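Q: Here it is: the structure, laid out below.
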Amino acid sequence: MSIEGKQIDIGRSYEGKLSFPSTYEKKITGAGSEDNVVLFDDVFPTIFYSFSVKKTFMFYLDGYYYGPFDLKGSEKAMDDLNQCKLNLTKAVSPADSEKLFSYFSETDDPLGASITISPCTGEEVGECISHSLSCEKASRNGPELAVIVGDVDKIVSSLVVGTGGNAKAQLKLANGSSVDLRVNSVLVDPNAMNGGWVATVGLGTIDDFFEALNEKSSEGASLIVAEQDFSLAPQKGDGRKLVAWKDACIALEAQSLPE
């Protein structure tokens, strides 16, 4: 936001407010930049994608009113932005498991291992993750499933509301068998990528989970959480990656925590 007539200090934190008349209001924060500009990193996805049909909005900075800002004549630009948003949503919400790919990795800080499921390849993987399965040495919750794309609100409510602390998940295997898993934690964090939420589901320390996974049974394996299917080995040969993740998690359990 370019603020005319106000001295903007580079690096200073600013508080602002965006308001569409009689419709919506949101507090925002940003940092001062050069040329009397304040950079607000949460304005675009929250405001313009959702309210581009409005013609004006008001802006307040540090309690002082600026505006109204006129959006007339910007319909094409807003349509382009909304189309961009739709394309991004399609990119991270694959219609079927054939579009998903599995990536196994290990980390040193924190000490852990993960299986990342993404519809993207190459350098773009980290920017469009669908879900991931991880374990960490320092965690007492055992393996955790992080759901990044999907109906996170529904997943969380299904695991929490009315379950009395006895929520369940299920590991579905290639041979048709399944393993019931106990959900012992549900954590919800803001998703900075799309303005939504990320749900992290703790699956507990469950030996049956690991014992059931081998290269044959892991092919096409998936986790069922709140009646939603999260593929863990979507492509042929991904079962080996899932077994490698399991072996890494077991190896972590055998190690002592670093001082």
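Every chain in the structure tokens takes a letter, A first, then B, and so on in the order presented; its residues are numbered from 1, and the ligands are numbered from 1 following the presented order.
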If we count only C-alpha atoms and set the cut-off at 8 Å, which residues sit around Ala199 (chain A), ignoring sequence neighbours fewer than 3 positions away in its own chain? Please answer as a PDB file with all heavy atoms, in the first residue's frame.
A:
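Okay, this is what ended up in result-v1.pdb:
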ATOM      1  N   ALA A 146      -0.091 -34.623   8.837  1.00  0.00           N
ATOM      2  CA  ALA A 146      -0.399 -33.205   8.644  1.00  0.00           C
ATOM      3  C   ALA A 146      -1.247 -33.067   7.382  1.00  0.00           C
ATOM      4  O   ALA A 146      -0.813 -33.423   6.294  1.00  0.00           O
ATOM      5  CB  ALA A 146       0.878 -32.384   8.515  1.00  0.00           C
ATOM      6  N   VAL A 147      -2.465 -32.576   7.536  1.00  0.00           N
ATOM      7  CA  VAL A 147      -3.389 -32.393   6.421  1.00  0.00           C
ATOM      8  C   VAL A 147      -3.358 -30.923   6.018  1.00  0.00           C
ATOM      9  O   VAL A 147      -3.729 -30.050   6.799  1.00  0.00           O
ATOM     10  CB  VAL A 147      -4.823 -32.805   6.801  1.00  0.00           C
ATOM     11  CG1 VAL A 147      -5.760 -32.574   5.628  1.00  0.00           C
ATOM     12  CG2 VAL A 147      -4.850 -34.262   7.235  1.00  0.00           C
ATOM     13  N   ILE A 148      -2.894 -30.647   4.809  1.00  0.00           N
ATOM     14  CA  ILE A 148      -2.746 -29.272   4.344  1.00  0.00           C
ATOM     15  C   ILE A 148      -3.827 -28.912   3.330  1.00  0.00           C
ATOM     16  O   ILE A 148      -4.341 -27.799   3.318  1.00  0.00           O
ATOM     17  CB  ILE A 148      -1.349 -29.067   3.738  1.00  0.00           C
ATOM     18  CG1 ILE A 148      -0.296 -29.375   4.819  1.00  0.00           C
ATOM     19  CG2 ILE A 148      -1.160 -27.655   3.190  1.00  0.00           C
ATOM     20  CD1 ILE A 148       1.119 -29.413   4.326  1.00  0.00           C
ATOM     21  N   VAL A 152     -10.332 -29.195   6.111  1.00  0.00           N
ATOM     22  CA  VAL A 152      -9.701 -29.287   7.424  1.00  0.00           C
ATOM     23  C   VAL A 152     -10.720 -29.080   8.545  1.00  0.00           C
ATOM     24  O   VAL A 152     -10.687 -29.755   9.574  1.00  0.00           O
ATOM     25  CB  VAL A 152      -8.550 -28.265   7.541  1.00  0.00           C
ATOM     26  CG1 VAL A 152      -7.993 -28.241   8.957  1.00  0.00           C
ATOM     27  CG2 VAL A 152      -7.455 -28.608   6.549  1.00  0.00           C
ATOM     28  N   VAL A 156     -11.270 -31.827  11.574  1.00  0.00           N
ATOM     29  CA  VAL A 156     -11.050 -31.509  12.986  1.00  0.00           C
ATOM     30  C   VAL A 156     -12.315 -31.715  13.802  1.00  0.00           C
ATOM     31  O   VAL A 156     -12.292 -32.324  14.878  1.00  0.00           O
ATOM     32  CB  VAL A 156     -10.534 -30.065  13.129  1.00  0.00           C
ATOM     33  CG1 VAL A 156     -10.478 -29.664  14.600  1.00  0.00           C
ATOM     34  CG2 VAL A 156      -9.156 -29.929  12.503  1.00  0.00           C
ATOM     35  N   VAL A 186      -4.864 -33.500  18.275  1.00  0.00           N
ATOM     36  CA  VAL A 186      -5.279 -32.770  17.079  1.00  0.00           C
ATOM     37  C   VAL A 186      -4.824 -31.326  17.259  1.00  0.00           C
ATOM     38  O   VAL A 186      -5.224 -30.657  18.205  1.00  0.00           O
ATOM     39  CB  VAL A 186      -6.802 -32.814  16.865  1.00  0.00           C
ATOM     40  CG1 VAL A 186      -7.175 -32.027  15.610  1.00  0.00           C
ATOM     41  CG2 VAL A 186      -7.292 -34.244  16.764  1.00  0.00           C
ATOM     42  N   LEU A 187      -3.960 -30.863  16.350  1.00  0.00           N
ATOM     43  CA  LEU A 187      -3.429 -29.502  16.423  1.00  0.00           C
ATOM     44  C   LEU A 187      -3.790 -28.768  15.141  1.00  0.00           C
ATOM     45  O   LEU A 187      -3.645 -29.301  14.052  1.00  0.00           O
ATOM     46  CB  LEU A 187      -1.907 -29.539  16.591  1.00  0.00           C
ATOM     47  CG  LEU A 187      -1.175 -28.195  16.639  1.00  0.00           C
ATOM     48  CD1 LEU A 187      -1.569 -27.421  17.895  1.00  0.00           C
ATOM     49  CD2 LEU A 187       0.334 -28.401  16.598  1.00  0.00           C
ATOM     50  N   VAL A 188      -4.268 -27.531  15.288  1.00  0.00           N
ATOM     51  CA  VAL A 188      -4.660 -26.730  14.134  1.00  0.00           C
ATOM     52  C   VAL A 188      -3.828 -25.453  14.098  1.00  0.00           C
ATOM     53  O   VAL A 188      -3.744 -24.738  15.094  1.00  0.00           O
ATOM     54  CB  VAL A 188      -6.165 -26.374  14.180  1.00  0.00           C
ATOM     55  CG1 VAL A 188      -6.562 -25.583  12.939  1.00  0.00           C
ATOM     56  CG2 VAL A 188      -7.000 -27.627  14.286  1.00  0.00           C
ATOM     57  N   ASP A 189      -3.194 -25.194  12.955  1.00  0.00           N
ATOM     58  CA  ASP A 189      -2.370 -23.997  12.771  1.00  0.00           C
ATOM     59  C   ASP A 189      -2.798 -23.265  11.503  1.00  0.00           C
ATOM     60  O   ASP A 189      -3.295 -23.880  10.563  1.00  0.00           O
ATOM     61  CB  ASP A 189      -0.887 -24.366  12.638  1.00  0.00           C
ATOM     62  CG  ASP A 189      -0.310 -24.923  13.928  1.00  0.00           C
ATOM     63  OD1 ASP A 189      -0.374 -24.220  14.941  1.00  0.00           O
ATOM     64  OD2 ASP A 189       0.191 -26.065  13.906  1.00  0.00           O
TER      65      ASP A 189
END
Q: Find the residues around Ile115 (chain A) up to 6 Å (only C-alpha atoms counted), leave out those fewer than 2 positions away in its own chain, and share them as a PyMOL selection string.
A: chain A and resi 103-104+132-133
Q: Can I get the selection written as a JSON list (two decimals), in the first residue's frame, with N, CA, C and O atoms?
A:
[["chain", "number", "residue", "atom", "x", "y", "z"],
["A", 103, "TYR", "N", 7.25, -38.48, -1.58],
["A", 103, "TYR", "CA", 8.65, -38.12, -1.38],
["A", 103, "TYR", "C", 9.07, -38.47, 0.06],
["A", 103, "TYR", "O", 8.43, -38.01, 1.02],
["A", 104, "PHE", "N", 10.12, -39.27, 0.18],
["A", 104, "PHE", "CA", 10.65, -39.65, 1.49],
["A", 104, "PHE", "C", 11.85, -38.77, 1.82],
["A", 104, "PHE", "O", 12.71, -38.53, 0.97],
["A", 132, "SER", "N", 1.17, -34.94, 4.66],
["A", 132, "SER", "CA", 2.45, -35.59, 4.96],
["A", 132, "SER", "C", 2.31, -36.45, 6.21],
["A", 132, "SER", "O", 1.45, -36.21, 7.06],
["A", 133, "LEU", "N", 3.17, -37.45, 6.29],
["A", 133, "LEU", "CA", 3.23, -38.35, 7.43],
["A", 133, "LEU", "C", 4.63, -38.26, 8.00],
["A", 133, "LEU", "O", 5.61, -38.41, 7.26]]
Q: Could you check which of A:Gly150, A:Gly196, A:Gly176, A:Gly16 is closest to Asp229 (chain A), using only C-alpha atoms?
A: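 Using only C-alpha atoms, Asp229 (chain A) sits closest to A:Gly150.
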